[in-house]
>>> print(open('final_23.txt').read())   # compact mmCIF, C-alpha atoms
# COMPACT_ATOMS: atom_id res chain seq x y z
CA MET A 1 41.40 -62.71 -49.20
CA GLY A 2 40.02 -65.45 -46.92
CA LYS A 3 36.51 -66.70 -46.44
CA ASP A 4 34.91 -66.10 -43.06
CA ILE A 5 31.62 -67.16 -41.49
CA THR A 6 29.84 -64.52 -39.46
CA GLU A 7 26.38 -63.99 -38.01
CA MET A 8 23.95 -62.62 -40.55
CA THR A 9 22.83 -59.05 -39.90
CA PHE A 10 20.41 -56.64 -41.52
CA GLU A 11 23.39 -55.13 -43.35
CA ASP A 12 23.86 -58.45 -45.17
CA TRP A 13 20.25 -58.61 -46.37
CA THR A 14 20.68 -57.04 -49.83
CA GLN A 15 23.33 -59.64 -50.76
CA VAL A 16 21.53 -62.51 -49.01
CA LYS A 17 18.35 -61.61 -50.89
CA ALA A 18 20.21 -61.54 -54.23
CA ILE A 19 21.58 -65.05 -53.59
CA TYR A 20 18.09 -66.23 -52.59
CA GLU A 21 16.70 -64.73 -55.81
CA GLU A 22 19.22 -66.83 -57.79
CA GLY A 23 17.71 -69.89 -56.09
CA ILE A 24 14.19 -68.73 -56.93
CA THR A 25 15.18 -68.22 -60.58
CA SER A 26 16.64 -71.74 -60.79
CA LYS A 27 13.19 -73.24 -60.04
CA ILE A 28 14.88 -76.17 -58.24
CA ALA A 29 15.58 -74.57 -54.86
CA THR A 30 12.27 -73.25 -53.47
CA PHE A 31 8.55 -72.93 -54.07
CA GLU A 32 8.85 -69.18 -53.52
CA THR A 33 8.47 -67.02 -56.60
CA LYS A 34 9.73 -63.78 -55.06
CA ALA A 35 12.02 -62.93 -52.20
CA PRO A 36 10.45 -61.63 -49.01
CA THR A 37 11.20 -58.30 -47.41
CA TRP A 38 13.76 -58.27 -44.60
CA GLU A 39 10.93 -57.93 -42.08
CA GLU A 40 9.12 -60.99 -43.46
CA TRP A 41 12.31 -63.04 -43.60
CA ASP A 42 13.47 -61.90 -40.16
CA SER A 43 10.17 -62.79 -38.48
CA SER A 44 10.02 -66.28 -40.03
CA HIS A 45 13.58 -67.41 -39.18
CA LEU A 46 15.18 -68.13 -35.82
CA SER A 47 16.98 -65.11 -34.43
CA ASN A 48 20.08 -67.26 -33.89
CA CYS A 49 21.61 -69.78 -36.30
CA ARG A 50 21.82 -67.25 -39.15
CA LEU A 51 25.13 -67.40 -40.94
CA VAL A 52 26.81 -65.77 -43.91
CA MET A 53 30.07 -66.69 -45.55
CA VAL A 54 31.93 -63.63 -46.74
CA THR A 55 35.05 -62.91 -48.64
CA GLY A 56 35.93 -59.35 -47.75
CA LYS A 57 32.55 -57.66 -47.62
CA ILE A 58 30.98 -59.89 -50.28
CA VAL A 59 28.42 -62.47 -49.11
CA ILE A 60 28.99 -65.70 -51.07
CA GLY A 61 26.60 -67.97 -49.17
CA TRP A 62 24.16 -68.07 -46.31
CA ALA A 63 22.35 -70.53 -44.06
CA ALA A 64 19.53 -70.13 -41.55
CA LEU A 65 16.93 -72.10 -39.61
CA THR A 66 13.16 -71.95 -39.30
CA LEU A 67 11.20 -73.74 -36.60
CA VAL A 68 8.97 -76.43 -38.08
CA SER A 69 6.21 -75.87 -35.54
CA SER A 70 5.19 -73.45 -32.82
CA ARG A 71 4.26 -76.38 -30.55
CA CYS A 72 6.68 -76.65 -27.63
CA VAL A 73 7.26 -80.40 -28.18
CA TYR A 74 8.95 -79.55 -31.49
CA ALA A 75 11.17 -76.79 -30.06
CA GLY A 76 14.27 -78.78 -31.03
CA VAL A 77 13.30 -79.34 -34.67
CA ALA A 78 14.21 -76.81 -37.36
CA GLU A 79 14.29 -76.60 -41.14
CA VAL A 80 17.49 -75.69 -42.96
CA SER A 81 17.78 -73.03 -45.65
CA ILE A 82 21.16 -72.88 -47.37
CA TYR A 83 22.11 -70.99 -50.51
CA VAL A 84 25.42 -70.35 -52.26
CA LYS A 85 26.06 -67.64 -54.83
CA GLY A 86 26.02 -69.16 -58.31
CA SER A 87 29.55 -68.09 -59.19
CA GLU A 88 30.87 -69.71 -55.98
CA ARG A 89 29.22 -73.14 -56.18
CA GLY A 90 31.27 -76.32 -56.27
CA GLN A 91 33.96 -75.00 -53.92
CA GLY A 92 32.76 -76.59 -50.67
CA ILE A 93 31.13 -73.41 -49.36
CA GLY A 94 27.80 -75.14 -48.75
CA SER A 95 29.49 -77.88 -46.74
CA VAL A 96 31.39 -75.41 -44.55
CA LEU A 97 28.21 -73.39 -43.95
CA LEU A 98 26.12 -76.48 -43.20
CA ASN A 99 28.70 -77.84 -40.76
CA GLU A 100 28.82 -74.53 -38.92
CA LEU A 101 25.01 -74.36 -38.90
CA ILE A 102 24.88 -77.84 -37.38
CA LYS A 103 27.28 -76.76 -34.61
CA GLU A 104 25.28 -73.60 -33.93
CA SER A 105 21.99 -75.52 -33.89
CA GLU A 106 23.34 -77.96 -31.31
CA LYS A 107 24.42 -75.06 -29.08
CA GLU A 108 20.79 -73.92 -29.26
CA GLN A 109 19.50 -77.39 -28.23
CA ILE A 110 18.12 -78.25 -31.66
CA TRP A 111 18.15 -82.03 -31.97
CA THR A 112 16.72 -82.52 -35.45
CA LEU A 113 17.41 -80.59 -38.63
CA GLN A 114 15.21 -81.23 -41.62
CA ALA A 115 15.39 -80.18 -45.24
CA GLY A 116 12.80 -80.31 -48.00
CA ILE A 117 14.59 -80.63 -51.34
CA PHE A 118 13.30 -81.01 -54.90
CA PRO A 119 14.46 -84.36 -56.35
CA GLU A 120 16.11 -82.61 -59.30
CA ASN A 121 18.33 -80.52 -57.00
CA LYS A 122 21.10 -83.12 -57.01
CA ALA A 123 23.78 -80.79 -55.60
CA SER A 124 21.69 -79.91 -52.55
CA LEU A 125 20.77 -83.54 -51.97
CA GLN A 126 24.43 -84.57 -52.09
CA LEU A 127 25.43 -81.71 -49.79
CA HIS A 128 22.93 -82.86 -47.18
CA TYR A 129 23.76 -86.56 -47.52
CA ASN A 130 27.47 -85.74 -47.17
CA ASN A 131 26.72 -83.92 -43.92
CA GLY A 132 24.78 -86.59 -42.08
CA PHE A 133 21.25 -86.17 -43.40
CA ARG A 134 19.18 -89.19 -44.41
CA LEU A 135 16.12 -89.54 -46.60
CA VAL A 136 12.97 -90.05 -44.54
CA GLY A 137 10.36 -89.73 -47.27
CA ARG A 138 8.99 -88.29 -50.44
CA ARG A 139 6.09 -85.88 -50.38
CA GLU A 140 4.47 -86.46 -53.77
CA ARG A 141 2.81 -83.57 -55.53
CA ILE A 142 2.96 -81.57 -52.31
CA ALA A 143 2.56 -78.17 -53.99
CA LYS A 144 2.63 -76.40 -57.32
CA LEU A 145 5.40 -74.20 -58.68
CA ASN A 146 4.33 -72.09 -61.65
CA GLY A 147 1.30 -74.34 -62.11
CA ASN A 148 3.25 -77.61 -62.05
CA TRP A 149 3.02 -80.18 -59.25
CA LYS A 150 6.33 -80.82 -57.51
CA ASP A 151 7.58 -83.58 -55.24
CA VAL A 152 9.78 -82.80 -52.25
CA LEU A 153 12.23 -85.19 -50.62
CA LEU A 154 12.27 -84.88 -46.84
CA LEU A 155 15.69 -85.34 -45.25
CA GLU A 156 16.66 -85.15 -41.61
CA ARG A 157 19.72 -85.16 -39.41
CA ARG A 158 19.56 -86.14 -35.75
CA SER A 159 22.14 -84.64 -33.46
CA LEU A 160 24.58 -87.01 -31.77
CA ILE A 161 25.00 -84.39 -29.02
CA THR A 162 21.65 -82.74 -28.35
CA GLY A 163 18.51 -84.65 -27.46
CA VAL A 164 20.26 -87.99 -26.97
CA LEU A 165 19.57 -90.35 -24.09
>>> encode(input="final_23.txt", output="structure tokens")
Amino acid sequence: MGKDITEMTFEDWTQVKAIYEEGITSKIATFETKAPTWEEWDSSHLSNCRLVMVTGKIVIGWAALTLVSSRCVYAGVAEVSIYVKGSERGQGIGSVLLNELIKESEKEQIWTLQAGIFPENKASLQLHYNNGFRLVGRRERIAKLNGNWKDVLLLERRSLITGVL
């Protein structure tokens, strides 16, 4: 059975949420301590640029974008969320998803993608570096997770297609 990338729908939410909860449990993927409801997640993410990778009817990874600001001057800047099911990691799924998300974002006139990644999340850092992201800074002790201060590395990728002179 092959792996396909499709647009995420409400019907995917139960599996998407379970993969997100794996990331929450790892304590190296997000500051969140519980997954949102579909309505909360849906309202905070762009209505386009939502992808799932499936094998059959099983979601094995997902990627989506959130605007970084409501100000119109930042309309082309979005933050990446990308998660792969634990049992499927290390097979290039994240790279395929991220590449497709980049293509979709450029169709939507998004010129900068950014990612905030914990320094200890080496796999996510490598995934982003391998796909054209660069380190732009370190936000030291930006927030607490379970009472402990955490740093976040800020990475970005500028489009070579959208927003160029």
>>> residues_around(input="final_23.txt", residues="segment 12-19 of chain A", least_positions_apart="6", cutoff="7 Å", atoms="only C-alpha atoms", output="list of chain:residue names")
A:Ala35, A:Trp38, A:Val59, A:Trp62, A:Tyr83, A:Val84, A:Lys85
>>> residues_around(input="final_23.txt", residues="Ile24 of chain A", least_positions_apart="2", cutoff="12 Å", atoms="only C-alpha atoms", output="list of chain:residue names")
A:Lys17, A:Ala18, A:Ile19, A:Tyr20, A:Glu21, A:Glu22, A:Ser26, A:Lys27, A:Ile28, A:Ala29, A:Thr30, A:Phe31, A:Glu32, A:Thr33, A:Lys34, A:Ala35, A:Pro36, A:Tyr83, A:Gly86, A:Leu145, A:Asn146
>>> closest_residue(input="final_23.txt", among="A:Ile82, A:Val54, A:Val96, A:Ile110", to="Leu67 of chain A", atoms="only C-alpha atoms")
A:Ile110
>>> atom_distance(input="final_23.txt", atom1="atom CA of Val52 of chain A", atom2="atom CA of Glu7 of chain A")
6.2 Å
>>> closest_residue(input="final_23.txt", among="A:Thr37, A:Thr162, A:Thr6, A:Ser124", to="Gly94 of chain A", atoms="only C-alpha atoms")
A:Ser124
>>> residues_around(input="final_23.txt", residues="segment 150-154 of chain A", least_positions_apart="6", cutoff="8 Å", atoms="only C-alpha atoms", output="mmCIF file with C-alpha atoms, in the coordinates of the input")
data_model
loop_
_atom_site.group_PDB
_atom_site.id
_atom_site.type_symbol
_atom_site.label_atom_id
_atom_site.label_comp_id
_atom_site.auth_asym_id
_atom_site.auth_seq_id
_atom_site.Cartn_x
_atom_site.Cartn_y
_atom_site.Cartn_z
ATOM 1 C CA GLN A 114 15.210 -81.230 -41.620
ATOM 2 C CA ALA A 115 15.390 -80.180 -45.240
ATOM 3 C CA GLY A 116 12.800 -80.310 -48.000
ATOM 4 C CA ILE A 117 14.590 -80.630 -51.340
ATOM 5 C CA PHE A 118 13.300 -81.010 -54.900
ATOM 6 C CA PRO A 119 14.460 -84.360 -56.350
ATOM 7 C CA LEU A 135 16.120 -89.540 -46.600
ATOM 8 C CA VAL A 136 12.970 -90.050 -44.540
ATOM 9 C CA GLY A 137 10.360 -89.730 -47.270
ATOM 10 C CA ARG A 138 8.990 -88.290 -50.440
ATOM 11 C CA ARG A 139 6.090 -85.880 -50.380
ATOM 12 C CA GLU A 140 4.470 -86.460 -53.770
ATOM 13 C CA ARG A 141 2.810 -83.570 -55.530
ATOM 14 C CA ILE A 142 2.960 -81.570 -52.310
ATOM 15 C CA ALA A 143 2.560 -78.170 -53.990
ATOM 16 C CA LYS A 144 2.630 -76.400 -57.320
#
>>> atom_distance(input="final_23.txt", atom1="atom CA of Gly61 of chain A", atom2="atom CA of Glu108 of chain A")
21.6 Å
>>> closest_residue(input="final_23.txt", among="A:Leu113, A:Gln126, A:Glu106, A:Asn121", to="Arg158 of chain A", atoms="only C-alpha atoms")
A:Leu113
>>> closest_residue(input="final_23.txt", among="A:Asp4, A:Gly92, A:Trp149, A:Leu101", to="Ala63 of chain A", atoms="all atoms listed in the file")
A:Leu101
>>> build_atoms(input="final_23.txt", residues="segment 16-27 of chain A", atoms="all heavy atoms", output="PDB file, in the frame of the given file")
ATOM      1  N   VAL A  16      22.210 -61.242 -49.308  1.00  0.00           N
ATOM      2  CA  VAL A  16      21.530 -62.510 -49.010  1.00  0.00           C
ATOM      3  C   VAL A  16      20.315 -62.657 -49.921  1.00  0.00           C
ATOM      4  O   VAL A  16      20.089 -63.715 -50.508  1.00  0.00           O
ATOM      5  CB  VAL A  16      21.118 -62.560 -47.515  1.00  0.00           C
ATOM      6  CG1 VAL A  16      20.119 -63.670 -47.244  1.00  0.00           C
ATOM      7  CG2 VAL A  16      22.353 -62.715 -46.639  1.00  0.00           C
ATOM      8  N   LYS A  17      19.543 -61.594 -50.041  1.00  0.00           N
ATOM      9  CA  LYS A  17      18.350 -61.610 -50.890  1.00  0.00           C
ATOM     10  C   LYS A  17      18.720 -61.899 -52.344  1.00  0.00           C
ATOM     11  O   LYS A  17      18.038 -62.677 -53.018  1.00  0.00           O
ATOM     12  CB  LYS A  17      17.619 -60.268 -50.780  1.00  0.00           C
ATOM     13  CG  LYS A  17      16.371 -60.178 -51.620  1.00  0.00           C
ATOM     14  CD  LYS A  17      15.719 -58.812 -51.450  1.00  0.00           C
ATOM     15  CE  LYS A  17      14.559 -58.653 -52.397  1.00  0.00           C
ATOM     16  NZ  LYS A  17      14.018 -57.284 -52.378  1.00  0.00           N
ATOM     17  N   ALA A  18      19.787 -61.307 -52.837  1.00  0.00           N
ATOM     18  CA  ALA A  18      20.210 -61.540 -54.230  1.00  0.00           C
ATOM     19  C   ALA A  18      20.574 -63.013 -54.441  1.00  0.00           C
ATOM     20  O   ALA A  18      20.220 -63.602 -55.481  1.00  0.00           O
ATOM     21  CB  ALA A  18      21.399 -60.645 -54.579  1.00  0.00           C
ATOM     22  N   ILE A  19      21.238 -63.627 -53.475  1.00  0.00           N
ATOM     23  CA  ILE A  19      21.580 -65.050 -53.590  1.00  0.00           C
ATOM     24  C   ILE A  19      20.301 -65.885 -53.544  1.00  0.00           C
ATOM     25  O   ILE A  19      20.147 -66.847 -54.313  1.00  0.00           O
ATOM     26  CB  ILE A  19      22.573 -65.460 -52.483  1.00  0.00           C
ATOM     27  CG1 ILE A  19      23.921 -64.766 -52.709  1.00  0.00           C
ATOM     28  CG2 ILE A  19      22.749 -66.982 -52.442  1.00  0.00           C
ATOM     29  CD1 ILE A  19      24.889 -64.873 -51.536  1.00  0.00           C
ATOM     30  N   TYR A  20      19.369 -65.532 -52.666  1.00  0.00           N
ATOM     31  CA  TYR A  20      18.090 -66.230 -52.590  1.00  0.00           C
ATOM     32  C   TYR A  20      17.339 -66.108 -53.923  1.00  0.00           C
ATOM     33  O   TYR A  20      16.750 -67.080 -54.405  1.00  0.00           O
ATOM     34  CB  TYR A  20      17.264 -65.665 -51.433  1.00  0.00           C
ATOM     35  CG  TYR A  20      16.006 -66.422 -51.135  1.00  0.00           C
ATOM     36  CD1 TYR A  20      16.001 -67.809 -51.013  1.00  0.00           C
ATOM     37  CD2 TYR A  20      14.796 -65.757 -50.968  1.00  0.00           C
ATOM     38  CE1 TYR A  20      14.835 -68.504 -50.734  1.00  0.00           C
ATOM     39  CE2 TYR A  20      13.635 -66.442 -50.683  1.00  0.00           C
ATOM     40  CZ  TYR A  20      13.663 -67.809 -50.565  1.00  0.00           C
ATOM     41  OH  TYR A  20      12.507 -68.491 -50.293  1.00  0.00           O
ATOM     42  N   GLU A  21      17.377 -64.934 -54.519  1.00  0.00           N
ATOM     43  CA  GLU A  21      16.700 -64.730 -55.810  1.00  0.00           C
ATOM     44  C   GLU A  21      17.304 -65.605 -56.900  1.00  0.00           C
ATOM     45  O   GLU A  21      16.585 -66.049 -57.801  1.00  0.00           O
ATOM     46  CB  GLU A  21      16.726 -63.245 -56.187  1.00  0.00           C
ATOM     47  CG  GLU A  21      15.765 -62.438 -55.331  1.00  0.00           C
ATOM     48  CD  GLU A  21      15.885 -60.936 -55.497  1.00  0.00           C
ATOM     49  OE1 GLU A  21      16.974 -60.446 -55.901  1.00  0.00           O
ATOM     50  OE2 GLU A  21      14.894 -60.247 -55.202  1.00  0.00           O
ATOM     51  N   GLU A  22      18.612 -65.875 -56.844  1.00  0.00           N
ATOM     52  CA  GLU A  22      19.220 -66.830 -57.790  1.00  0.00           C
ATOM     53  C   GLU A  22      18.571 -68.200 -57.626  1.00  0.00           C
ATOM     54  O   GLU A  22      18.295 -68.889 -58.604  1.00  0.00           O
ATOM     55  CB  GLU A  22      20.724 -66.964 -57.562  1.00  0.00           C
ATOM     56  CG  GLU A  22      21.548 -65.794 -57.997  1.00  0.00           C
ATOM     57  CD  GLU A  22      23.042 -66.043 -57.769  1.00  0.00           C
ATOM     58  OE1 GLU A  22      23.445 -67.162 -57.403  1.00  0.00           O
ATOM     59  OE2 GLU A  22      23.818 -65.090 -57.964  1.00  0.00           O
ATOM     60  N   GLY A  23      18.360 -68.616 -56.369  1.00  0.00           N
ATOM     61  CA  GLY A  23      17.710 -69.890 -56.090  1.00  0.00           C
ATOM     62  C   GLY A  23      16.283 -69.917 -56.607  1.00  0.00           C
ATOM     63  O   GLY A  23      15.829 -70.915 -57.183  1.00  0.00           O
ATOM     64  N   ILE A  24      15.567 -68.819 -56.431  1.00  0.00           N
ATOM     65  CA  ILE A  24      14.190 -68.730 -56.930  1.00  0.00           C
ATOM     66  C   ILE A  24      14.187 -68.875 -58.450  1.00  0.00           C
ATOM     67  O   ILE A  24      13.388 -69.627 -59.011  1.00  0.00           O
ATOM     68  CB  ILE A  24      13.545 -67.387 -56.502  1.00  0.00           C
ATOM     69  CG1 ILE A  24      13.315 -67.379 -54.984  1.00  0.00           C
ATOM     70  CG2 ILE A  24      12.248 -67.150 -57.261  1.00  0.00           C
ATOM     71  CD1 ILE A  24      12.905 -66.034 -54.427  1.00  0.00           C
ATOM     72  N   THR A  25      15.087 -68.180 -59.119  1.00  0.00           N
ATOM     73  CA  THR A  25      15.180 -68.220 -60.580  1.00  0.00           C
ATOM     74  C   THR A  25      15.490 -69.605 -61.103  1.00  0.00           C
ATOM     75  O   THR A  25      14.998 -70.005 -62.164  1.00  0.00           O
ATOM     76  CB  THR A  25      16.245 -67.205 -61.066  1.00  0.00           C
ATOM     77  OG1 THR A  25      15.871 -65.905 -60.611  1.00  0.00           O
ATOM     78  CG2 THR A  25      16.359 -67.202 -62.570  1.00  0.00           C
ATOM     79  N   SER A  26      16.258 -70.390 -60.339  1.00  0.00           N
ATOM     80  CA  SER A  26      16.640 -71.740 -60.790  1.00  0.00           C
ATOM     81  C   SER A  26      15.442 -72.685 -60.876  1.00  0.00           C
ATOM     82  O   SER A  26      15.480 -73.665 -61.603  1.00  0.00           O
ATOM     83  CB  SER A  26      17.672 -72.340 -59.832  1.00  0.00           C
ATOM     84  OG  SER A  26      17.059 -72.782 -58.624  1.00  0.00           O
ATOM     85  N   LYS A  27      14.405 -72.411 -60.111  1.00  0.00           N
ATOM     86  CA  LYS A  27      13.190 -73.240 -60.040  1.00  0.00           C
ATOM     87  C   LYS A  27      13.452 -74.648 -59.506  1.00  0.00           C
ATOM     88  O   LYS A  27      12.608 -75.520 -59.650  1.00  0.00           O
ATOM     89  CB  LYS A  27      12.476 -73.290 -61.385  1.00  0.00           C
ATOM     90  CG  LYS A  27      12.050 -71.915 -61.871  1.00  0.00           C
ATOM     91  CD  LYS A  27      11.009 -71.972 -62.927  1.00  0.00           C
ATOM     92  CE  LYS A  27      10.587 -70.651 -63.489  1.00  0.00           C
ATOM     93  NZ  LYS A  27      10.848 -69.437 -62.842  1.00  0.00           N
TER      94      LYS A  27
END
